[in-house]
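Data from final-v7.cif: mmCIF, C-alpha atoms
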```
data_start
#
loop_
_atom_site.group_PDB
_atom_site.id
_atom_site.type_symbol
_atom_site.label_atom_id
_atom_site.label_comp_id
_atom_site.auth_asym_id
_atom_site.auth_seq_id
_atom_site.Cartn_x
_atom_site.Cartn_y
_atom_site.Cartn_z
ATOM 1 C CA MET A 760 47.024 49.112 72.830
ATOM 2 C CA PRO A 761 49.181 47.996 69.887
ATOM 3 C CA ASP A 762 50.649 44.506 69.971
ATOM 4 C CA VAL A 763 54.020 44.784 71.772
ATOM 5 C CA GLN A 764 57.145 42.669 71.234
ATOM 6 C CA THR A 765 60.008 41.735 73.494
ATOM 7 C CA LEU A 766 63.209 43.441 72.457
ATOM 8 C CA GLY A 767 66.886 42.623 72.733
ATOM 9 C CA GLU A 768 69.293 45.185 74.155
ATOM 10 C CA PHE A 769 70.711 46.233 70.790
ATOM 11 C CA GLU A 770 67.210 46.501 69.318
ATOM 12 C CA GLN A 771 66.279 48.930 72.106
ATOM 13 C CA ILE A 772 69.441 50.959 71.488
ATOM 14 C CA VAL A 773 68.650 51.208 67.761
ATOM 15 C CA LEU A 774 65.005 52.173 68.379
ATOM 16 C CA LEU A 775 66.003 54.857 70.891
ATOM 17 C CA ALA A 776 68.646 56.230 68.499
ATOM 18 C CA ILE A 777 66.040 56.487 65.709
ATOM 19 C CA LEU A 778 63.614 58.243 68.067
ATOM 20 C CA ARG A 779 66.318 60.715 69.112
ATOM 21 C CA LEU A 780 67.245 61.504 65.493
ATOM 22 C CA GLY A 781 63.698 62.153 64.321
ATOM 23 C CA LYS A 782 63.485 62.745 60.569
ATOM 24 C CA ASN A 783 67.249 62.422 60.000
ATOM 25 C CA ALA A 784 67.586 58.762 60.974
ATOM 26 C CA TYR A 785 69.489 56.748 58.359
ATOM 27 C CA GLY A 786 72.338 54.223 58.578
ATOM 28 C CA VAL A 787 75.189 56.709 59.134
ATOM 29 C CA THR A 788 73.438 58.979 61.657
ATOM 30 C CA ILE A 789 71.981 56.034 63.605
ATOM 31 C CA ARG A 790 75.447 54.507 63.942
ATOM 32 C CA GLU A 791 76.954 57.882 64.970
ATOM 33 C CA GLU A 792 74.206 58.446 67.539
ATOM 34 C CA ILE A 793 74.828 54.991 69.041
ATOM 35 C CA ILE A 794 78.578 55.660 69.237
ATOM 36 C CA ALA A 795 78.039 59.104 70.800
ATOM 37 C CA ARG A 796 75.486 57.947 73.388
ATOM 38 C CA THR A 797 76.643 54.475 74.308
ATOM 39 C CA GLU A 798 80.377 54.565 73.440
ATOM 40 C CA ARG A 799 79.819 51.294 71.602
ATOM 41 C CA GLU A 800 80.867 51.030 67.979
ATOM 42 C CA PRO A 801 78.377 48.717 66.267
ATOM 43 C CA ASN A 802 79.546 46.757 63.261
ATOM 44 C CA PRO A 803 77.631 48.004 60.205
ATOM 45 C CA GLY A 804 76.466 44.482 59.388
ATOM 46 C CA ALA A 805 74.875 44.068 62.834
ATOM 47 C CA LEU A 806 73.165 47.449 62.490
ATOM 48 C CA TYR A 807 71.611 46.721 59.074
ATOM 49 C CA VAL A 808 70.535 43.231 60.157
ATOM 50 C CA THR A 809 68.860 44.722 63.247
ATOM 51 C CA LEU A 810 67.148 47.445 61.205
ATOM 52 C CA ASP A 811 65.805 44.832 58.753
ATOM 53 C CA ARG A 812 64.603 42.651 61.636
ATOM 54 C CA LEU A 813 62.872 45.596 63.352
ATOM 55 C CA GLU A 814 61.169 46.455 60.071
ATOM 56 C CA GLU A 815 59.996 42.854 59.634
ATOM 57 C CA LYS A 816 58.570 42.949 63.164
ATOM 58 C CA GLY A 817 56.702 46.128 62.240
ATOM 59 C CA LEU A 818 58.591 48.225 64.813
ATOM 60 C CA VAL A 819 60.229 50.574 62.308
ATOM 61 C CA ARG A 820 59.363 51.797 58.828
ATOM 62 C CA SER A 821 61.803 52.804 56.144
ATOM 63 C CA GLU A 822 61.575 54.951 53.037
ATOM 64 C CA PHE A 823 64.117 56.049 50.484
ATOM 65 C CA GLY A 824 65.046 59.732 50.178
ATOM 66 C CA ASP A 825 66.201 61.488 47.028
ATOM 67 C CA PRO A 826 69.536 60.407 45.499
ATOM 68 C CA THR A 827 72.395 62.679 46.572
ATOM 69 C CA PRO A 828 75.599 63.396 44.591
ATOM 70 C CA GLN A 829 77.728 63.098 47.773
ATOM 71 C CA ARG A 830 76.866 59.410 47.891
ATOM 72 C CA GLY A 831 77.426 58.756 44.183
ATOM 73 C CA GLY A 832 73.743 59.263 43.410
ATOM 74 C CA ARG A 833 72.635 56.770 46.024
ATOM 75 C CA ALA A 834 69.508 57.461 48.058
ATOM 76 C CA LYS A 835 69.419 57.403 51.864
ATOM 77 C CA ARG A 836 67.147 54.911 53.556
ATOM 78 C CA PHE A 837 65.379 56.854 56.323
ATOM 79 C CA PHE A 838 63.904 55.059 59.319
ATOM 80 C CA SER A 839 61.071 55.992 61.658
ATOM 81 C CA VAL A 840 59.658 54.140 64.671
ATOM 82 C CA SER A 841 56.077 52.885 64.397
ATOM 83 C CA ALA A 842 53.490 53.172 67.220
ATOM 84 C CA LYS A 843 54.128 49.494 67.973
ATOM 85 C CA GLY A 844 57.854 50.215 68.164
ATOM 86 C CA VAL A 845 57.353 53.137 70.542
ATOM 87 C CA GLU A 846 55.139 51.022 72.794
ATOM 88 C CA SER A 847 57.592 48.087 72.731
ATOM 89 C CA VAL A 848 60.628 50.192 73.643
ATOM 90 C CA ALA A 849 58.694 52.122 76.322
ATOM 91 C CA ARG A 850 57.528 48.858 77.863
ATOM 92 C CA ALA A 851 61.057 47.413 77.836
ATOM 93 C CA GLN A 852 62.433 50.561 79.471
ATOM 94 C CA ARG A 853 59.687 50.536 82.133
ATOM 95 C CA SER A 854 60.651 46.951 82.964
ATOM 96 C CA TYR A 855 64.289 48.008 83.419
ATOM 97 C CA GLN A 856 63.250 50.937 85.601
ATOM 98 C CA ARG A 857 61.040 48.744 87.801
ATOM 99 C CA LEU A 858 63.918 46.298 88.209
ATOM 100 C CA MET A 859 66.285 49.134 89.138
ATOM 101 C CA GLN A 860 63.897 50.684 91.678
ATOM 102 C CA GLY A 861 65.146 50.246 95.208
ATOM 103 C CA LEU A 862 68.417 48.744 94.073
ATOM 104 C CA ASN A 863 71.498 50.268 95.549
ATOM 105 C CA LEU A 864 74.379 49.213 93.365
ATOM 106 C CA PRO A 865 77.707 49.748 95.075
ATOM 107 C CA GLY A 866 79.985 52.162 93.201
ATOM 108 C CA VAL A 867 77.277 53.239 90.731
ATOM 109 C CA ALA A 868 75.965 56.798 90.846
ATOM 110 C CA HIS A 869 72.188 57.009 90.332
ATOM 111 C CA ALA A 870 70.567 59.722 88.244
ATOM 112 C CA MET B 510 83.333 54.752 42.159
ATOM 113 C CA ARG B 511 84.016 51.416 40.479
ATOM 114 C CA ASN B 512 84.568 49.990 43.968
ATOM 115 C CA ALA B 513 81.162 51.291 45.022
ATOM 116 C CA GLN B 514 79.445 49.630 42.077
ATOM 117 C CA LEU B 515 81.177 46.344 42.834
ATOM 118 C CA GLY B 516 80.224 46.637 46.514
ATOM 119 C CA GLU B 517 76.637 47.359 45.528
ATOM 120 C CA TRP B 518 76.616 44.313 43.257
ATOM 121 C CA ILE B 519 77.942 42.086 46.073
ATOM 122 C CA LEU B 520 75.388 43.403 48.565
ATOM 123 C CA SER B 521 72.586 42.887 46.051
ATOM 124 C CA TRP B 522 73.239 39.132 46.472
ATOM 125 C CA VAL B 523 71.849 39.334 49.996
ATOM 126 C CA THR B 524 69.371 42.223 49.910
ATOM 127 C CA SER B 525 67.223 44.154 47.441
ATOM 128 C CA PRO B 526 69.063 46.358 44.895
ATOM 129 C CA GLU B 527 67.572 49.553 46.453
ATOM 130 C CA ARG B 528 68.727 48.586 49.938
ATOM 131 C CA ALA B 529 72.127 47.544 48.595
ATOM 132 C CA ALA B 530 72.526 50.996 46.987
ATOM 133 C CA ALA B 531 71.483 52.819 50.178
ATOM 134 C CA THR B 532 73.833 50.670 52.282
ATOM 135 C CA VAL B 533 76.761 51.338 49.939
ATOM 136 C CA GLY B 534 75.927 55.057 50.127
ATOM 137 C CA ASP B 535 76.123 54.838 53.945
ATOM 138 C CA LEU B 536 79.395 52.899 53.815
ATOM 139 C CA LEU B 537 80.899 55.446 51.392
ATOM 140 C CA GLU B 538 79.836 58.282 53.685
ATOM 141 C CA ASN B 539 81.373 56.524 56.683
ATOM 142 C CA ALA B 540 84.510 55.085 55.084
ATOM 143 C CA SER B 541 87.869 56.686 55.749
ATOM 144 C CA GLY B 542 89.462 54.698 52.902
ATOM 145 C CA PRO B 543 89.002 51.695 50.594
ATOM 146 C CA GLY B 544 89.962 49.316 53.425
ATOM 147 C CA THR B 545 87.176 50.424 55.758
ATOM 148 C CA PHE B 546 84.709 50.518 52.856
ATOM 149 C CA TRP B 547 85.457 46.941 51.825
ATOM 150 C CA LEU B 548 85.479 45.736 55.432
ATOM 151 C CA GLY B 549 82.030 47.299 55.833
ATOM 152 C CA VAL B 550 80.752 45.641 52.627
ATOM 153 C CA LEU B 551 82.135 42.258 53.681
ATOM 154 C CA ARG B 552 80.793 42.415 57.239
ATOM 155 C CA THR B 553 77.372 43.607 56.070
ATOM 156 C CA ALA B 554 77.130 40.929 53.359
ATOM 157 C CA LEU B 555 78.158 38.171 55.780
ATOM 158 C CA SER B 556 75.794 39.426 58.497
ATOM 159 C CA LEU B 557 72.845 39.543 56.077
ATOM 160 C CA LEU B 558 73.759 36.112 54.682
ATOM 161 C CA TRP B 559 73.993 34.606 58.161
ATOM 162 C CA ARG B 560 70.665 36.187 59.109
ATOM 163 C CA GLU B 561 68.967 34.369 56.218
ATOM 164 C CA PHE B 562 70.138 31.081 57.687
ATOM 165 C CA ALA B 563 69.621 32.000 61.365
ATOM 166 C CA SER B 564 65.987 33.036 60.842
ATOM 167 C CA ASP B 565 65.000 29.397 60.184
ATOM 168 C CA PRO B 566 67.972 27.087 60.884
ATOM 169 C CA ALA B 567 66.025 23.825 61.363
ATOM 170 C CA ASN B 568 64.280 24.032 57.985
ATOM 171 C CA MET B 569 67.475 25.161 56.275
ATOM 172 C CA MET B 570 69.439 22.216 57.709
ATOM 173 C CA GLY B 571 66.641 19.856 56.577
ATOM 174 C CA LEU B 572 66.760 21.315 53.082
ATOM 175 C CA ALA B 573 70.568 21.089 53.058
ATOM 176 C CA PHE B 574 70.350 17.417 54.071
ATOM 177 C CA ARG B 575 67.926 16.694 51.213
ATOM 178 C CA GLY B 576 70.276 18.611 48.902
ATOM 179 C CA LEU B 577 73.207 16.488 50.075
ATOM 180 C CA MET B 578 71.236 13.277 49.459
ATOM 181 C CA LEU B 579 70.273 14.515 45.982
ATOM 182 C CA GLN B 580 73.893 15.394 45.239
ATOM 183 C CA LEU B 581 75.122 11.984 46.394
ATOM 184 C CA ALA B 582 72.435 10.240 44.310
ATOM 185 C CA ILE B 583 73.435 12.184 41.188
ATOM 186 C CA VAL B 584 77.156 11.561 41.772
ATOM 187 C CA VAL B 585 76.580 7.814 42.321
ATOM 188 C CA GLY B 586 74.402 7.743 39.176
ATOM 189 C CA ILE B 587 77.104 9.406 37.106
ATOM 190 C CA LEU B 588 79.771 7.063 38.513
ATOM 191 C CA LEU B 589 77.615 4.034 37.621
ATOM 192 C CA ILE B 590 77.217 5.393 34.089
ATOM 193 C CA ILE B 591 81.004 5.847 33.853
ATOM 194 C CA ILE B 592 81.688 2.304 35.110
ATOM 195 C CA ILE B 593 79.053 0.613 32.926
ATOM 196 C CA GLY B 594 79.799 2.825 29.908
ATOM 197 C CA GLY B 595 83.542 2.292 30.367
ATOM 198 C CA GLY B 596 83.014 -1.462 30.524
ATOM 199 C CA PHE B 597 81.009 -1.436 27.286
ATOM 200 C CA LEU B 598 83.515 0.853 25.601
ATOM 201 C CA GLY B 599 86.381 -1.401 26.645
ATOM 202 C CA PHE B 600 84.533 -4.492 25.467
ATOM 203 C CA PHE B 601 83.723 -3.082 22.019
ATOM 204 C CA ALA B 602 87.147 -1.494 21.694
ATOM 205 C CA GLY B 603 88.657 -4.938 22.271
ATOM 206 C CA LEU B 604 86.444 -6.390 19.529
ATOM 207 C CA PHE B 605 87.112 -3.792 16.845
ATOM 208 C CA TRP B 606 90.553 -2.348 17.496
ATOM 209 C CA HIS B 607 93.840 -4.146 17.478
ATOM 210 C CA PRO B 608 95.983 -3.356 20.545
ATOM 211 C CA ALA B 609 98.796 -2.189 18.259
ATOM 212 C CA GLY B 610 96.349 0.112 16.449
ATOM 213 C CA PRO B 611 94.763 3.317 17.675
ATOM 214 C CA ALA B 612 94.691 2.329 21.365
ATOM 215 C CA ALA B 613 96.336 5.630 22.256
ATOM 216 C CA SER B 614 93.512 7.573 20.628
ATOM 217 C CA ILE B 615 90.954 5.487 22.576
ATOM 218 C CA ASN B 616 92.813 6.343 25.763
ATOM 219 C CA LEU B 617 92.729 9.996 24.774
ATOM 220 C CA VAL B 618 88.975 9.875 24.149
ATOM 221 C CA ALA B 619 88.409 8.019 27.421
ATOM 222 C CA THR B 620 90.514 10.596 29.283
ATOM 223 C CA ALA B 621 88.588 13.465 27.674
ATOM 224 C CA ILE B 622 85.227 11.891 28.536
ATOM 225 C CA GLY B 623 86.444 11.189 32.064
ATOM 226 C CA GLY B 624 87.636 14.787 32.413
ATOM 227 C CA LEU B 625 84.306 16.160 31.210
ATOM 228 C CA LEU B 626 82.357 13.918 33.567
ATOM 229 C CA GLY B 627 84.690 14.889 36.417
ATOM 230 C CA ALA B 628 84.091 18.561 35.693
ATOM 231 C CA GLY B 629 80.369 17.826 35.523
ATOM 232 C CA ILE B 630 80.462 16.221 38.943
ATOM 233 C CA ALA B 631 82.568 19.000 40.461
ATOM 234 C CA ILE B 632 80.786 22.002 38.916
ATOM 235 C CA LEU B 633 77.457 21.245 37.281
ATOM 236 C CA VAL B 634 76.057 18.911 39.936
ATOM 237 C CA PRO B 635 76.527 21.337 42.886
ATOM 238 C CA PHE B 636 75.316 24.180 40.639
ATOM 239 C CA GLN B 637 72.077 22.312 39.934
ATOM 240 C CA VAL B 638 71.701 21.239 43.577
ATOM 241 C CA GLY B 639 72.175 24.909 44.575
ATOM 242 C CA ARG B 640 69.368 25.880 42.211
ATOM 243 C CA TRP B 641 67.181 23.020 43.472
ATOM 244 C CA MET B 642 67.598 24.109 47.114
ATOM 245 C CA ALA B 643 67.182 27.828 46.304
ATOM 246 C CA ARG B 644 63.882 27.207 44.522
ATOM 247 C CA ARG B 645 62.606 25.529 47.703
ATOM 248 C CA SER B 646 63.573 28.488 49.867
ATOM 249 C CA PRO B 647 61.909 31.538 48.291
ATOM 250 C CA GLY B 648 63.135 34.849 49.722
ATOM 251 C CA ARG B 649 66.069 33.104 51.416
ATOM 252 C CA GLU B 650 67.704 31.441 48.427
ATOM 253 C CA LEU B 651 71.266 31.533 49.780
ATOM 254 C CA ALA B 652 70.444 30.232 53.270
ATOM 255 C CA PRO B 653 70.389 26.512 52.275
ATOM 256 C CA VAL B 654 73.913 26.910 50.855
ATOM 257 C CA VAL B 655 75.078 28.240 54.239
ATOM 258 C CA ALA B 656 73.363 25.244 55.889
ATOM 259 C CA PHE B 657 74.956 22.892 53.340
ATOM 260 C CA THR B 658 78.400 24.338 54.123
ATOM 261 C CA ILE B 659 77.874 23.759 57.859
ATOM 262 C CA LEU B 660 76.493 20.261 57.284
ATOM 263 C CA THR B 661 79.266 19.090 54.945
ATOM 264 C CA PHE B 662 81.962 20.605 57.140
ATOM 265 C CA ALA B 663 80.480 18.832 60.194
ATOM 266 C CA LEU B 664 80.402 15.564 58.205
ATOM 267 C CA VAL B 665 83.982 15.948 57.066
ATOM 268 C CA ARG B 666 85.110 16.699 60.614
ATOM 269 C CA SER B 667 83.172 13.638 61.869
ATOM 270 C CA ILE B 668 84.843 11.437 59.260
ATOM 271 C CA GLY B 669 88.127 12.988 60.335
ATOM 272 C CA MET B 670 87.427 11.839 63.897
ATOM 273 C CA PHE B 671 86.922 8.271 62.671
ATOM 274 C CA TRP B 672 90.353 8.449 61.130
ATOM 275 C CA ASP B 673 91.709 9.058 64.603
ATOM 276 C CA THR B 674 93.473 12.298 63.801
ATOM 277 C CA GLU B 675 94.191 12.898 67.459
ATOM 278 C CA GLY B 676 97.872 13.389 67.875
ATOM 279 C CA ASN B 677 98.580 12.800 64.207
ATOM 280 C CA ILE B 678 99.257 16.162 62.674
ATOM 281 C CA PHE B 679 99.438 14.841 59.099
ATOM 282 C CA ARG B 680 96.032 13.202 59.305
ATOM 283 C CA PHE B 681 94.643 16.301 60.964
ATOM 284 C CA ILE B 682 95.963 18.474 58.120
ATOM 285 C CA LEU B 683 94.632 15.935 55.611
ATOM 286 C CA SER B 684 91.136 16.070 57.105
ATOM 287 C CA LEU B 685 91.219 19.880 57.138
ATOM 288 C CA ALA B 686 92.425 19.892 53.525
ATOM 289 C CA ALA B 687 89.627 17.468 52.616
ATOM 290 C CA GLY B 688 87.124 19.866 54.196
ATOM 291 C CA LEU B 689 88.581 22.764 52.255
ATOM 292 C CA ALA B 690 88.556 20.773 49.015
ATOM 293 C CA LEU B 691 84.891 19.879 49.557
ATOM 294 C CA TRP B 692 84.112 23.515 50.196
ATOM 295 C CA ILE B 693 85.851 24.663 47.009
ATOM 296 C CA LEU B 694 84.352 21.894 44.899
ATOM 297 C CA PHE B 695 80.808 21.997 46.184
ATOM 298 C CA GLN B 696 80.066 25.368 47.736
ATOM 299 C CA ILE B 697 81.196 27.816 45.054
ATOM 300 C CA PRO B 698 79.209 26.334 42.129
ATOM 301 C CA MET B 699 76.339 25.708 44.562
ATOM 302 C CA PHE B 700 76.426 29.335 45.716
ATOM 303 C CA VAL B 701 76.419 30.476 42.073
ATOM 304 C CA GLY B 702 73.432 28.185 41.372
ATOM 305 C CA ALA B 703 71.476 29.611 44.312
ATOM 306 C CA LEU B 704 72.434 33.139 43.296
ATOM 307 C CA TRP B 705 71.198 32.422 39.778
ATOM 308 C CA VAL B 706 67.732 31.571 41.160
ATOM 309 C CA ARG B 707 67.746 34.602 43.469
ATOM 310 C CA LYS B 708 68.618 37.011 40.657
ATOM 311 C CA LYS B 709 65.841 35.533 38.534
ATOM 312 C CA GLN B 710 63.336 35.948 41.385
ATOM 313 C CA THR B 711 64.336 39.558 42.110
ATOM 314 C CA SER B 712 64.338 40.562 38.430
ATOM 315 C CA ARG B 713 60.667 39.485 38.037
#
```
Could you quickly redo this structure as structure tokens?
Amino acid sequence: MPDVQTLGEFEQIVLLAILRLGKNAYGVTIREEIIARTEREPNPGALYVTLDRLEEKGLVRSEFGDPTPQRGGRAKRFFSVSAKGVESVARAQRSYQRLMQGLNLPGVAHA
Amino acid sequence: MRNAQLGEWILSWVTSPERAAATVGDLLENASGPGTFWLGVLRTALSLLWREFASDPANMMGLAFRGLMLQLAIVVGILLIIIIGGGFLGFFAGLFWHPAGPAASINLVATAIGGLLGAGIAILVPFQVGRWMARRSPGRELAPVVAFTILTFALVRSIGMFWDTEGNIFRFILSLAAGLALWILFQIPMFVGALWVRKKQTSR
């Protein structure tokens, strides 16, 4: 089993957004996915800091794509989640699910 | 496009040039106008700068404290040189020049030397201290400057408390102005000094 790390809430959100996007995960699409799925609008600074931190922890990898004219010849930095990242986010989500099991929160509809 | 290049240059202070370019590309793609673009650049640069400090705050504060001690030692040294040198200059001037003679030109020279030394204290000393701290923090060259800013501001505010600013709006404004003056005098040349080291490291 790969070495797993504890994750903050925003780190989990970013990892899940990257996993959802697959090969098209870069700054703009990750931010859009987070807005669409969580209705939270992350500040770009917080997003890039989190992506750098996740990469330092070995939970995501990044590589530069080809420069595109739409971005003034600037390359996109594409992100992918490593095996360690997948295990860490899955473990964090399992913990949430175990904590939720049997809980009956008033006024909250359960899936 | 000139805006984008400037934004890229600013972001390259706090991240690698490749990442700065990719981030600016993202911000251009996302921006609805120059305002949102520049807000994005500013927020990203500040977030990345803060992260450098926040990843190791204890060490950065320690380094900032040593930097402050070094700066004070240099400033005191320069002041001693001015006082001793001024005394000698005055003594010899009294021996060789008649008061009715070129005293005005001596005053002019003394003022010029004083001005140069003042500029040295205000610009060159923090610049060198910035470089000194940056060299001791490889990979996080700007973080000690952030720590220094926090430390000096905390010191200024503490001194302000000793002045009993409570209830005295003028003293309160004076202590805030002193903090701002310290920031302008020390932090900008210090930031440039640290940036100098960082650019050298990344260009290798």
task: Spell out the residues picked by the PyMOL selection byres ((chain B) within 10 of (chain A)) here, as a ChimeraX atom specification.
output: /B:510,513-514,524,527-539,548-561,564
Any chance you could export the current selection's C-alpha atoms as a CSV table (one decimal), keeping the file's coordinate frame?
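Final file, selection_24.csv:
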```
chain,number,residue,atom,x,y,z
B,510,MET,CA,83.3,54.8,42.2
B,513,ALA,CA,81.2,51.3,45.0
B,514,GLN,CA,79.4,49.6,42.1
B,524,THR,CA,69.4,42.2,49.9
B,527,GLU,CA,67.6,49.6,46.5
B,528,ARG,CA,68.7,48.6,49.9
B,529,ALA,CA,72.1,47.5,48.6
B,530,ALA,CA,72.5,51.0,47.0
B,531,ALA,CA,71.5,52.8,50.2
B,532,THR,CA,73.8,50.7,52.3
B,533,VAL,CA,76.8,51.3,49.9
B,534,GLY,CA,75.9,55.1,50.1
B,535,ASP,CA,76.1,54.8,53.9
B,536,LEU,CA,79.4,52.9,53.8
B,537,LEU,CA,80.9,55.4,51.4
B,538,GLU,CA,79.8,58.3,53.7
B,539,ASN,CA,81.4,56.5,56.7
B,548,LEU,CA,85.5,45.7,55.4
B,549,GLY,CA,82.0,47.3,55.8
B,550,VAL,CA,80.8,45.6,52.6
B,551,LEU,CA,82.1,42.3,53.7
B,552,ARG,CA,80.8,42.4,57.2
B,553,THR,CA,77.4,43.6,56.1
B,554,ALA,CA,77.1,40.9,53.4
B,555,LEU,CA,78.2,38.2,55.8
B,556,SER,CA,75.8,39.4,58.5
B,557,LEU,CA,72.8,39.5,56.1
B,558,LEU,CA,73.8,36.1,54.7
B,559,TRP,CA,74.0,34.6,58.2
B,560,ARG,CA,70.7,36.2,59.1
B,561,GLU,CA,69.0,34.4,56.2
B,564,SER,CA,66.0,33.0,60.8
```
task: Would you kindly translate the PyMOL selection byres ((chain A and resi 774) around 12) into the concrete residues it picks from this file, as a ChimeraX atom specification?
output: /A:766-773,775-781,784-785,789-790,792-793,806,809-810,812-814,817-820,838-849,851-852
message: I'd like to know which of B:Thr620, B:Ser684, B:Ser646, B:Gln637 is closest to B:Phe700, using all atoms listed in the file.
response: B:Gln637
query: If we count all atoms listed in the file, what is near stretch 583-596 of chain B at a cut-off of 12 Å, once residues fewer than 3 positions away on the same chain are taken out, given as a PyMOL selection string?
result: chain B and resi 576-580+599-603+615-616+618-620+622-635+637-638+695
field: Given the PyMOL selection byres ((chain B and resi 639) around 9), the residues it picks as number ranges by chain
entry: B: 576, 634-638, 640-644, 650-651, 653-654, 696, 698-706
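Note that atom CA of B:Ala652 and atom CA of B:Gln710 are 15.0 Å apart.
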task: To one decimal in Å, tell me the separation between atom CA of B:Phe562 and atom CA of A:Lys816.
output: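 Those two atoms sit 17.5 Å apart.
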query: With distances taken over only C-alpha atoms, which of B:Arg666, B:Gly544, B:Pro526, B:Met569 is nearest to B:Ile682?
result: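 Going through B:Arg666, B:Gly544, B:Pro526, B:Met569 one by one, the smallest distance to B:Ile682 is for B:Arg666.
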task: Enter the distance from atom CA of B:Asn677 to atom CA of B:Leu660, in Å, rounded to one decimal.
output: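 According to the coordinates, atom CA of B:Asn677 and atom CA of B:Leu660 are separated by 24.3 Å.
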Find the smallest box with edges along x, y and z containing every listed atom of stretch 520-531 of chain B, then add 3 Å on each side and report centre and edge lengths in Å to one decimal, as JSON.
```
{"center_x": 71.3, "center_y": 46.0, "center_z": 47.5, "size_x": 14.2, "size_y": 19.7, "size_z": 11.3}
```
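If you measure from each of B:Trp518, B:Phe546, B:Phe657, B:Phe679 to B:Asn568 using all atoms listed in the file, the closest one turns out to be B:Phe657.
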Is it possible to add N, CA and C atoms to stretch 519-533 of chain B and hand it back as a CSV table (one decimal), keeping the file's coordinate frame?
```csv
chain,number,residue,atom,x,y,z
B,519,ILE,N,77.8,43.2,45.1
B,519,ILE,CA,77.9,42.1,46.1
B,519,ILE,C,76.8,42.1,47.1
B,520,LEU,N,76.5,43.3,47.6
B,520,LEU,CA,75.4,43.4,48.6
B,520,LEU,C,74.0,43.0,48.0
B,521,SER,N,73.9,43.2,46.7
B,521,SER,CA,72.6,42.9,46.1
B,521,SER,C,72.4,41.4,46.0
B,522,TRP,N,73.4,40.6,46.3
B,522,TRP,CA,73.2,39.1,46.5
B,522,TRP,C,72.4,38.8,47.7
B,523,VAL,N,72.5,39.7,48.7
B,523,VAL,CA,71.8,39.3,50.0
B,523,VAL,C,70.7,40.3,50.4
B,524,THR,N,70.5,41.3,49.6
B,524,THR,CA,69.4,42.2,49.9
B,524,THR,C,68.9,42.8,48.6
B,525,SER,N,67.8,43.6,48.7
B,525,SER,CA,67.2,44.2,47.4
B,525,SER,C,68.2,45.2,46.8
B,526,PRO,N,68.1,45.4,45.5
B,526,PRO,CA,69.1,46.4,44.9
B,526,PRO,C,69.0,47.8,45.5
B,527,GLU,N,67.7,48.2,45.9
B,527,GLU,CA,67.6,49.6,46.5
B,527,GLU,C,68.3,49.6,47.8
B,528,ARG,N,68.1,48.6,48.6
B,528,ARG,CA,68.7,48.6,49.9
B,528,ARG,C,70.2,48.5,49.8
B,529,ALA,N,70.7,47.7,48.8
B,529,ALA,CA,72.1,47.5,48.6
B,529,ALA,C,72.7,48.9,48.2
B,530,ALA,N,72.0,49.7,47.4
B,530,ALA,CA,72.5,51.0,47.0
B,530,ALA,C,72.6,51.9,48.2
B,531,ALA,N,71.5,51.9,49.0
B,531,ALA,CA,71.5,52.8,50.2
B,531,ALA,C,72.6,52.4,51.2
B,532,THR,N,72.8,51.1,51.3
B,532,THR,CA,73.8,50.7,52.3
B,532,THR,C,75.2,51.1,51.8
B,533,VAL,N,75.5,50.9,50.5
B,533,VAL,CA,76.8,51.3,49.9
B,533,VAL,C,76.9,52.8,50.1
```
